[in-house]
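Dropping start-v4.cif in here (mmCIF, C-alpha atoms and all ligand atoms):
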```
data_start
#
loop_
_atom_site.label_atom_id
_atom_site.label_comp_id
_atom_site.auth_asym_id
_atom_site.auth_seq_id
_atom_site.Cartn_x
_atom_site.Cartn_y
_atom_site.Cartn_z
CA MET R 1 0.00 0.00 0.00
CA LYS R 2 1.18 3.49 -0.82
CA SER R 3 2.36 5.52 2.15
CA GLY R 4 0.77 8.80 3.14
CA VAL R 5 -2.53 10.53 2.57
CA LEU R 6 -1.54 12.30 -0.67
CA ALA R 7 -0.38 9.14 -2.46
CA ARG R 8 -3.12 6.84 -1.16
CA TYR R 9 -6.05 9.12 -1.84
CA ARG R 10 -4.70 11.33 -4.64
CA ASP R 11 -7.73 10.60 -6.84
CA ARG R 12 -10.04 12.05 -4.20
CA LEU R 13 -7.83 15.00 -3.25
CA PRO R 14 -6.97 18.24 -5.08
CA VAL R 15 -3.66 16.77 -6.27
CA THR R 16 -2.22 18.01 -9.60
CA SER R 17 0.92 17.04 -11.52
CA LYS R 18 2.66 19.90 -9.68
CA THR R 19 1.68 18.92 -6.15
CA PRO R 20 4.71 17.64 -4.19
CA ILE R 21 3.78 14.15 -2.96
CA LEU R 22 5.62 14.09 0.34
CA THR R 23 4.67 12.32 3.55
CA LEU R 24 5.71 11.87 7.16
CA GLY R 25 3.67 8.64 7.21
CA GLU R 26 0.31 10.13 8.15
CA GLY R 27 -2.97 8.24 7.85
CA ASP R 28 -3.69 4.49 7.83
CA THR R 29 -4.29 4.61 11.58
CA PRO R 30 -5.55 1.62 13.60
CA LEU R 31 -9.24 0.95 14.14
CA VAL R 32 -9.40 -1.00 17.38
CA ARG R 33 -12.44 -2.97 18.57
CA CYS R 34 -12.99 -2.79 22.30
CA ARG R 35 -15.23 -5.58 23.62
CA GLN R 36 -15.03 -4.62 27.30
CA LEU R 37 -16.51 -1.21 26.54
CA GLU R 38 -19.04 -2.70 24.11
CA SER R 39 -20.74 -4.40 27.02
CA GLU R 40 -20.96 -1.12 28.98
CA VAL R 41 -22.69 0.54 26.05
CA GLY R 42 -24.76 -2.42 24.89
CA CYS R 43 -23.94 -1.88 21.22
CA LYS R 44 -22.99 -4.52 18.66
CA GLU R 45 -19.48 -3.32 17.80
CA LEU R 46 -17.49 -0.42 19.27
CA TYR R 47 -14.29 0.79 17.61
CA PHE R 48 -11.75 3.47 18.43
CA LYS R 49 -9.82 5.09 15.60
CA LEU R 50 -6.39 5.89 16.94
CA GLU R 51 -5.52 9.19 15.32
CA GLY R 52 -2.85 9.64 17.98
CA CYS R 53 -0.81 7.18 15.88
CA ASN R 54 -0.22 9.87 13.25
CA PRO R 55 3.37 11.22 12.97
CA THR R 56 2.85 14.19 15.31
CA GLY R 57 0.32 12.35 17.44
CA SER R 58 -2.96 13.82 16.18
CA PHE R 59 -5.43 13.82 13.27
CA LYS R 60 -4.17 17.24 12.19
CA ASP R 61 -1.42 15.60 10.10
CA ARG R 62 -3.92 14.35 7.50
CA GLY R 63 -5.02 17.85 6.64
CA MET R 64 -1.68 19.50 7.21
CA VAL R 65 0.13 17.41 4.61
CA VAL R 66 -2.40 18.51 1.97
CA ALA R 67 -2.42 22.17 3.06
CA VAL R 68 1.38 22.38 3.12
CA ALA R 69 1.79 20.57 -0.21
CA LYS R 70 -0.67 22.99 -1.84
CA ALA R 71 1.10 25.97 -0.22
CA MET R 72 4.37 24.73 -1.76
CA GLU R 73 2.70 24.18 -5.12
CA GLU R 74 1.40 27.76 -5.04
CA GLY R 75 4.88 29.11 -4.32
CA SER R 76 4.42 29.97 -0.65
CA ARG R 77 7.47 29.78 1.58
CA ALA R 78 5.81 30.19 4.96
CA ILE R 79 2.74 28.97 6.83
CA MET R 80 0.91 30.29 9.87
CA CYS R 81 -1.76 29.10 12.30
CA ALA R 82 -3.44 29.75 15.60
CA SER R 83 -3.64 26.67 17.77
CA THR R 84 -4.63 24.98 20.99
CA GLY R 85 -1.50 22.87 20.39
CA ASN R 86 -2.03 20.07 17.92
CA THR R 87 -2.40 22.15 14.77
CA SER R 88 0.77 24.03 15.67
CA ALA R 89 2.70 20.81 16.33
CA SER R 90 1.60 19.44 12.98
CA ALA R 91 2.24 22.70 11.08
CA ALA R 92 5.71 22.92 12.60
CA ALA R 93 6.58 19.34 11.60
CA TYR R 94 5.31 19.55 8.02
CA ALA R 95 6.90 22.97 7.50
CA ALA R 96 10.20 21.47 8.63
CA HIS R 97 9.80 18.44 6.35
CA PHE R 98 8.83 20.52 3.31
CA GLY R 99 11.51 23.17 3.99
CA LEU R 100 9.13 26.02 4.84
CA THR R 101 8.92 28.40 7.79
CA ALA R 102 6.12 27.97 10.34
CA VAL R 103 4.78 30.75 12.55
CA ILE R 104 2.39 29.66 15.27
CA ILE R 105 0.26 31.67 17.68
CA VAL R 106 -0.92 29.93 20.84
CA PRO R 107 -2.80 30.88 24.00
CA GLY R 108 0.01 31.32 26.55
CA GLY R 109 0.02 28.86 29.45
CA LYS R 110 -2.94 26.87 28.11
CA ILE R 111 -1.15 24.39 25.86
CA ALA R 112 -0.27 20.86 26.98
CA GLN R 113 3.49 20.60 27.42
CA GLY R 114 4.05 17.82 24.90
CA LYS R 115 2.55 19.98 22.16
CA MET R 116 4.67 22.95 23.15
CA ALA R 117 7.78 20.74 23.08
CA GLN R 118 6.88 19.62 19.56
CA ALA R 119 6.60 23.18 18.22
CA ILE R 120 9.93 24.00 19.85
CA ILE R 121 11.88 20.99 18.57
CA TYR R 122 10.53 21.30 14.99
CA GLY R 123 11.83 24.88 14.97
CA ALA R 124 8.63 26.91 14.58
CA LYS R 125 8.52 30.61 15.35
CA ILE R 126 6.31 30.66 18.43
CA VAL R 127 4.18 33.50 19.72
CA ALA R 128 2.32 32.94 23.00
CA LEU R 129 -0.56 35.39 23.53
CA SER R 130 -2.21 36.52 26.70
CA GLY R 131 -5.52 35.58 25.14
CA ASN R 132 -7.38 32.46 24.08
CA PHE R 133 -7.53 30.47 20.84
CA ASP R 134 -10.30 32.64 19.41
CA ASP R 135 -8.17 35.78 19.92
CA ALA R 136 -5.22 34.02 18.27
CA LEU R 137 -7.28 32.94 15.25
CA ASN R 138 -8.60 36.49 14.76
CA ILE R 139 -5.06 37.86 14.77
CA VAL R 140 -3.82 35.19 12.36
CA ARG R 141 -6.71 35.86 9.97
CA THR R 142 -5.78 39.56 9.88
CA LEU R 143 -2.06 38.90 9.44
CA VAL R 144 -2.44 36.52 6.49
CA GLU R 145 -4.40 39.25 4.65
CA LYS R 146 -1.48 41.67 5.05
CA HIS R 147 1.56 39.42 4.62
CA PRO R 148 2.73 36.74 2.15
CA ILE R 149 2.09 33.75 4.40
CA THR R 150 -0.35 30.84 4.03
CA LEU R 151 -3.02 30.21 6.66
CA VAL R 152 -3.14 26.53 7.63
CA ASN R 153 -5.97 26.53 10.16
CA SER R 154 -8.96 24.43 9.13
CA VAL R 155 -10.55 27.45 7.43
CA ASN R 156 -8.03 26.48 4.73
CA PRO R 157 -10.18 24.07 2.65
CA TYR R 158 -7.20 21.78 1.92
CA ARG R 159 -7.13 20.87 5.62
CA ILE R 160 -10.70 19.57 5.41
CA GLU R 161 -9.84 17.68 2.20
CA GLY R 162 -7.00 15.84 3.90
CA GLN R 163 -8.94 15.12 7.08
CA LYS R 164 -11.86 13.56 5.21
CA THR R 165 -9.57 10.61 4.36
CA ALA R 166 -10.13 9.26 7.88
CA ALA R 167 -13.77 8.59 6.98
CA PHE R 168 -12.60 6.74 3.85
CA GLU R 169 -10.32 4.56 5.97
CA ILE R 170 -13.13 3.60 8.34
CA ILE R 171 -15.29 2.41 5.43
CA ASP R 172 -12.31 0.72 3.74
CA MET R 173 -11.61 -1.19 6.96
CA LEU R 174 -15.17 -2.07 8.05
CA GLY R 175 -16.62 -2.52 4.56
CA GLU R 176 -19.45 -0.15 5.50
CA ALA R 177 -19.91 3.10 7.40
CA PRO R 178 -20.81 2.74 11.10
CA ASP R 179 -24.25 3.71 12.39
CA TYR R 180 -22.76 6.39 14.64
CA LEU R 181 -19.57 8.44 14.63
CA PHE R 182 -18.62 10.00 17.99
CA ILE R 183 -16.15 12.87 17.74
CA PRO R 184 -14.91 15.84 19.80
CA VAL R 185 -15.78 19.32 18.54
CA GLY R 186 -13.50 22.31 19.00
CA ASN R 187 -13.05 24.57 16.01
CA ALA R 188 -15.42 22.13 14.25
CA GLY R 189 -13.21 21.37 11.24
CA ASN R 190 -12.92 17.65 11.89
CA ILE R 191 -16.64 16.87 12.19
CA THR R 192 -17.04 18.83 8.93
CA ALA R 193 -14.29 16.79 7.27
CA TYR R 194 -15.58 13.38 8.39
CA TRP R 195 -19.07 14.22 7.15
CA LYS R 196 -17.65 15.29 3.78
CA GLY R 197 -15.73 12.02 3.54
CA PHE R 198 -18.72 9.86 4.46
CA VAL R 199 -20.95 11.67 1.97
CA GLU R 200 -18.38 11.36 -0.84
CA TYR R 201 -17.86 7.62 -0.31
CA ASN R 202 -21.61 7.11 -0.09
CA GLN R 203 -22.15 9.02 -3.36
CA THR R 204 -19.56 6.90 -5.18
CA GLY R 205 -21.19 3.69 -3.93
CA LYS R 206 -18.45 2.68 -1.49
CA SER R 207 -20.95 2.63 1.38
CA LYS R 208 -24.69 2.18 1.65
CA ILE R 209 -25.28 4.13 4.81
CA ARG R 210 -24.12 7.44 6.30
CA PRO R 211 -23.41 7.59 10.01
CA LYS R 212 -25.16 9.88 12.44
CA MET R 213 -22.57 12.47 13.45
CA MET R 214 -22.40 12.77 17.26
CA GLY R 215 -20.24 15.75 18.22
CA PHE R 216 -19.22 16.59 21.79
CA GLN R 217 -17.95 19.86 23.18
CA ALA R 218 -16.67 20.41 26.72
CA GLU R 219 -19.40 21.98 28.83
CA GLY R 220 -17.31 25.08 29.65
CA ALA R 221 -16.53 25.54 25.95
CA SER R 222 -19.80 24.60 24.28
CA PRO R 223 -20.83 27.49 22.02
CA ILE R 224 -22.69 25.31 19.51
CA VAL R 225 -24.71 23.61 22.25
CA GLN R 226 -25.52 26.92 23.93
CA GLY R 227 -26.18 28.74 20.67
CA HIS R 228 -23.80 31.65 21.23
CA PRO R 229 -20.03 32.28 21.33
CA ILE R 230 -18.37 31.76 24.73
CA LYS R 231 -16.12 34.66 25.70
CA ASP R 232 -13.96 32.85 28.22
CA PRO R 233 -14.08 29.11 27.43
CA LYS R 234 -12.85 26.80 30.20
CA THR R 235 -12.08 23.08 30.17
CA VAL R 236 -9.45 20.58 31.25
CA ALA R 237 -9.47 19.42 27.60
CA THR R 238 -7.28 22.31 26.40
CA ALA R 239 -7.39 21.10 22.77
CA ILE R 240 -11.08 22.00 22.55
CA ARG R 241 -11.00 25.15 24.67
CA ILE R 242 -12.60 27.16 21.87
CA GLY R 243 -15.45 29.65 22.23
CA ASN R 244 -16.25 30.62 18.65
CA PRO R 245 -15.60 27.76 16.21
CA ALA R 246 -14.67 28.73 12.64
CA SER R 247 -16.70 25.88 11.09
CA TRP R 248 -19.75 26.38 13.34
CA LYS R 249 -22.31 26.40 10.52
CA LYS R 250 -20.72 23.43 8.73
CA ALA R 251 -20.77 21.40 11.94
CA GLU R 252 -24.47 22.17 12.38
CA ALA R 253 -25.05 21.11 8.77
CA ALA R 254 -23.22 17.81 9.39
CA ARG R 255 -25.32 17.27 12.50
CA ASP R 256 -28.62 18.06 10.79
CA GLU R 257 -27.99 16.30 7.47
CA SER R 258 -26.86 13.14 9.28
CA GLY R 259 -29.62 13.13 11.90
CA GLY R 260 -27.01 13.32 14.67
CA SER R 261 -26.46 15.72 17.55
CA ILE R 262 -23.94 18.09 19.09
CA ASP R 263 -23.98 17.91 22.88
CA SER R 264 -21.63 18.66 25.76
CA VAL R 265 -19.86 16.68 28.48
CA THR R 266 -18.48 18.00 31.78
CA ASP R 267 -14.80 17.96 32.68
CA ASP R 268 -15.54 15.23 35.23
CA GLU R 269 -17.19 13.11 32.54
CA ILE R 270 -14.22 13.72 30.24
CA LEU R 271 -11.68 12.72 32.90
CA SER R 272 -13.54 9.56 33.87
CA ALA R 273 -13.89 8.50 30.22
CA HIS R 274 -10.19 9.34 29.73
CA LYS R 275 -9.35 6.88 32.49
CA LEU R 276 -11.88 4.25 31.40
CA MET R 277 -10.60 4.26 27.83
CA ALA R 278 -7.15 3.48 29.23
CA THR R 279 -8.12 0.95 31.91
CA LYS R 280 -10.75 -0.93 29.86
CA GLY R 281 -9.36 -0.39 26.39
CA GLY R 282 -5.63 0.05 26.76
CA ILE R 283 -6.05 3.28 24.84
CA PHE R 284 -4.37 6.46 26.05
CA GLY R 285 -5.81 9.52 24.36
CA GLU R 286 -5.51 13.11 25.42
CA PRO R 287 -8.45 14.54 27.42
CA ALA R 288 -10.23 16.06 24.38
CA SER R 289 -10.11 12.63 22.75
CA ALA R 290 -12.09 11.16 25.62
CA ALA R 291 -15.05 13.47 24.95
CA PRO R 292 -16.59 11.02 22.42
CA LEU R 293 -16.57 8.11 24.90
CA ALA R 294 -17.81 10.46 27.64
CA GLY R 295 -20.67 11.43 25.34
CA LEU R 296 -21.45 7.83 24.43
CA LEU R 297 -21.61 6.86 28.11
CA LYS R 298 -23.76 9.89 28.88
CA LEU R 299 -26.29 8.92 26.19
CA THR R 300 -26.23 5.29 27.38
CA ARG R 301 -26.98 6.44 30.94
CA LYS R 302 -29.85 8.54 29.64
CA GLY R 303 -31.33 5.38 28.17
CA MET R 304 -30.45 5.67 24.48
CA ASP R 305 -30.58 2.22 22.89
CA PHE R 306 -27.50 1.25 20.88
CA SER R 307 -28.31 -2.45 20.56
CA GLY R 308 -27.39 -3.85 17.17
CA LYS R 309 -25.42 -0.68 16.32
CA HIS R 310 -21.88 -0.20 15.03
CA ILE R 311 -20.14 2.76 16.64
CA VAL R 312 -16.79 4.44 15.97
CA CYS R 313 -15.20 6.90 18.42
CA ILE R 314 -12.38 9.11 17.15
CA VAL R 315 -9.40 9.28 19.49
CA THR R 316 -8.10 12.50 17.99
CA GLY R 317 -4.82 12.92 19.89
CA ASN R 318 -2.21 10.91 21.76
CA GLY R 319 -2.30 10.84 25.56
CA LEU R 320 1.44 11.42 25.80
CA LYS R 321 0.93 15.00 24.68
CA ASP R 322 -0.74 15.85 27.97
CA THR R 323 0.83 13.89 30.80
CA GLU R 324 0.34 16.80 33.24
CA VAL R 325 -3.36 16.05 33.54
CA VAL R 326 -2.66 12.40 34.47
CA LEU R 327 0.15 13.04 36.90
CA LYS R 328 -1.75 15.83 38.63
CA ASN R 329 -4.65 13.48 39.44
CA ALA R 330 -2.52 10.41 40.24
CA GLU R 331 -2.59 8.51 43.53
CA PRO R 332 0.82 8.50 45.22
CA PHE R 333 2.71 5.29 44.43
CA LEU R 334 4.80 3.06 46.64
CA ASN R 335 8.28 4.26 47.46
CA LEU R 336 10.43 1.48 48.86
CA PRO R 337 14.01 0.48 49.56
CA ALA R 338 15.58 -1.70 46.83
CA GLU R 339 14.92 -5.03 48.61
CA VAL R 340 12.89 -8.04 47.46
CA SER R 341 11.34 -8.50 50.88
CA ALA R 342 10.16 -4.90 51.08
CA VAL R 343 8.48 -5.15 47.65
CA GLU R 344 6.86 -8.50 48.55
CA LYS R 345 5.57 -7.08 51.81
CA ALA R 346 4.16 -3.97 50.19
CA LEU R 347 2.39 -6.07 47.51
CA GLY R 348 0.88 -8.30 50.19
CA TRP R 349 2.75 -11.40 48.96
CA LYS R 350 4.34 -12.13 52.32
C1 LIG C 1 -6.96 16.30 20.14
O1 LIG C 1 -4.84 22.35 17.46
O2 LIG C 1 -8.12 23.36 17.30
O3 LIG C 1 -13.24 20.48 15.95
O4 LIG C 1 -5.64 24.35 17.26
O5 LIG C 1 -6.42 18.87 19.09
O6 LIG C 1 -11.52 20.11 14.17
O7 LIG C 1 -11.13 21.77 15.96
C2 LIG C 1 -7.32 21.24 17.97
C3 LIG C 1 -8.51 20.59 17.99
C4 LIG C 1 -10.21 17.45 18.91
C5 LIG C 1 -11.11 19.43 17.83
N1 LIG C 1 -9.25 16.72 19.46
O8 LIG C 1 -11.11 19.34 16.43
C6 LIG C 1 -5.79 23.14 17.40
C7 LIG C 1 -7.17 22.61 17.55
C8 LIG C 1 -7.99 17.18 19.52
C9 LIG C 1 -7.68 18.46 19.02
C10 LIG C 1 -9.97 18.71 18.41
C11 LIG C 1 -8.71 19.24 18.47
P1 LIG C 1 -11.79 20.49 15.56
#
```

Please rewrite the model in this file as structure tokens.
Amino acid sequence: MKSGVLARYRDRLPVTSKTPILTLGEGDTPLVRCRQLESEVGCKELYFKLEGCNPTGSFKDRGMVVAVAKAMEEGSRAIMCASTGNTSASAAAYAAHFGLTAVIIVPGGKIAQGKMAQAIIYGAKIVALSGNFDDALNIVRTLVEKHPITLVNSVNPYRIEGQKTAAFEIIDMLGEAPDYLFIPVGNAGNITAYWKGFVEYNQTGKSKIRPKMMGFQAEGASPIVQGHPIKDPKTVATAIRIGNPASWKKAEAARDESGGSIDSVTDDEILSAHKLMATKGGIFGEPASAAPLAGLLKLTRKGMDFSGKHIVCIVTGNGLKDTEVVLKNAEPFLNLPAEVSAVEKALGWK
């Protein structure tokens, strides 16, 4: 199989003879069935798509490779984005690989450390604002109008094109679309992209059904659920700490056309799903990536019937990006002298 999103899906992407077909190995991520969690939900089959297995540890790489290749093709030498951390990590990596400059603007002090480390090591120019993601995106949108630099946030349509390939992969792997797709919603690009992918495959006859799109925001950052922008969004899931999503209307269209919903989950629900996904699935996602499972469990508790259904949850980012959140909530562990008998005693084996 060809490696990378551009080569594998070139027929369904805006690839021309001049597009540089480069890759860091993005896409083709695992779809893992989790039987222990299936029984909690009462569905037929429950899968997790591990987008944290992408080269920079999140789904952003699928769209970034397309956006950066098209920027190159169009003669751009520099890219820019606002980010809650994953977009900037991905932009920095692909800029480095393609030989471009990356400028990233992030909300200061609100980015998980792993993501910050990525932007630093890939050599991006980093600006930390005393403001939130929405402020950063507004500034970036103004700057790209005034300066010769390409915007690579998901308002760049090539990002959505690349990200839709994840929907193709799900159908290619399962042989059919699932009944439900559970996905976190921040700036709302990814739910837009998945829906586009599912619709395209359905239209070309590769699938018979289209999934219901089930988006979840964090309660303290849930503008779509509340119906108005949130001035000061707050959530432990820093990736989706966004108060005024750029693809708001497109996310609502995906919801309505698919017969799905966009709902919210509390930080407590996110953190307990984060833990459950790890302890019952062996899957370590970042907090935002636990919002889909949190939402699925919430709907199950409310009595929604998933029997006979196939469900896919998107684990959008790797847990190793945000170890702070785990270590902060951890129980203290045993601290012992280096002696067999002490370890045996502490474990209750003696
Ligand atoms: C792990 O990096 O917005 O609804 O600037 O990193 O497409 O925004 C990240 C978003 C879900 C939400 N899960 O996706 C950014 C950024 C993870 C994320 C989302 C993000 P969108």

6 Å from ligand LIG 1 (chain C) is the threshold here; counting only C-alpha atoms and all ligand atoms, which polymer residues fall inside it? Answer as a PyMOL selection string. chain R and resi 83-87+184-190+239-240+288-289+316-317

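Proximity to Ala221 of chain R was assessed for R:Gly27, R:Gly243, R:Gly108, R:Gly63 counting all atoms listed in the file; the smallest distance is recorded for R:Gly243.
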
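Distances to Asp263 of chain R were evaluated for R:Phe182, R:Thr235, R:Ser207, R:Leu276 using only C-alpha atoms, and the minimum falls at R:Phe182.
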
Would you tabulate, counting only C-alpha atoms, all residues of segment 193-282 of chain R that have an atom at most 8 Å from an atom of segment 146-162 of chain R, showing the closest pair of atoms and their distance in Å to one decimal, sorted by chain then ascending number, as a tab-separated table?
```
residue	atom	partner	partner_atom	distance
R:Ala193	CA	R:Ile160	CA	4.9
R:Ala246	CA	R:Val155	CA	6.8
R:Ser247	CA	R:Val155	CA	7.3
```

Shell around Glu51 of chain R at 12 Å using all atoms listed in the file, local window under 5 positions removed, as a PyMOL selection string: chain R and resi 26-32+56-62+86+163+165-167+169-170+183+190+283-286+289+313-319

Find the residues with any atom within 10 Å of (-8.2, -7.5, 29.2); use only C-alpha atoms and the coordinates as given in the file, and write the answer as a ChimeraX atom specification. /R:34-36,279-282

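Counting only C-alpha atoms, the residue from R:Ala69, R:Leu327, R:Leu13, R:Leu24 that sits nearest to Phe168 of chain R is R:Leu13.
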
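Across the model, the gap from atom CA of Pro223 of chain R to atom CA of Met64 of chain R is 25.5 Å.
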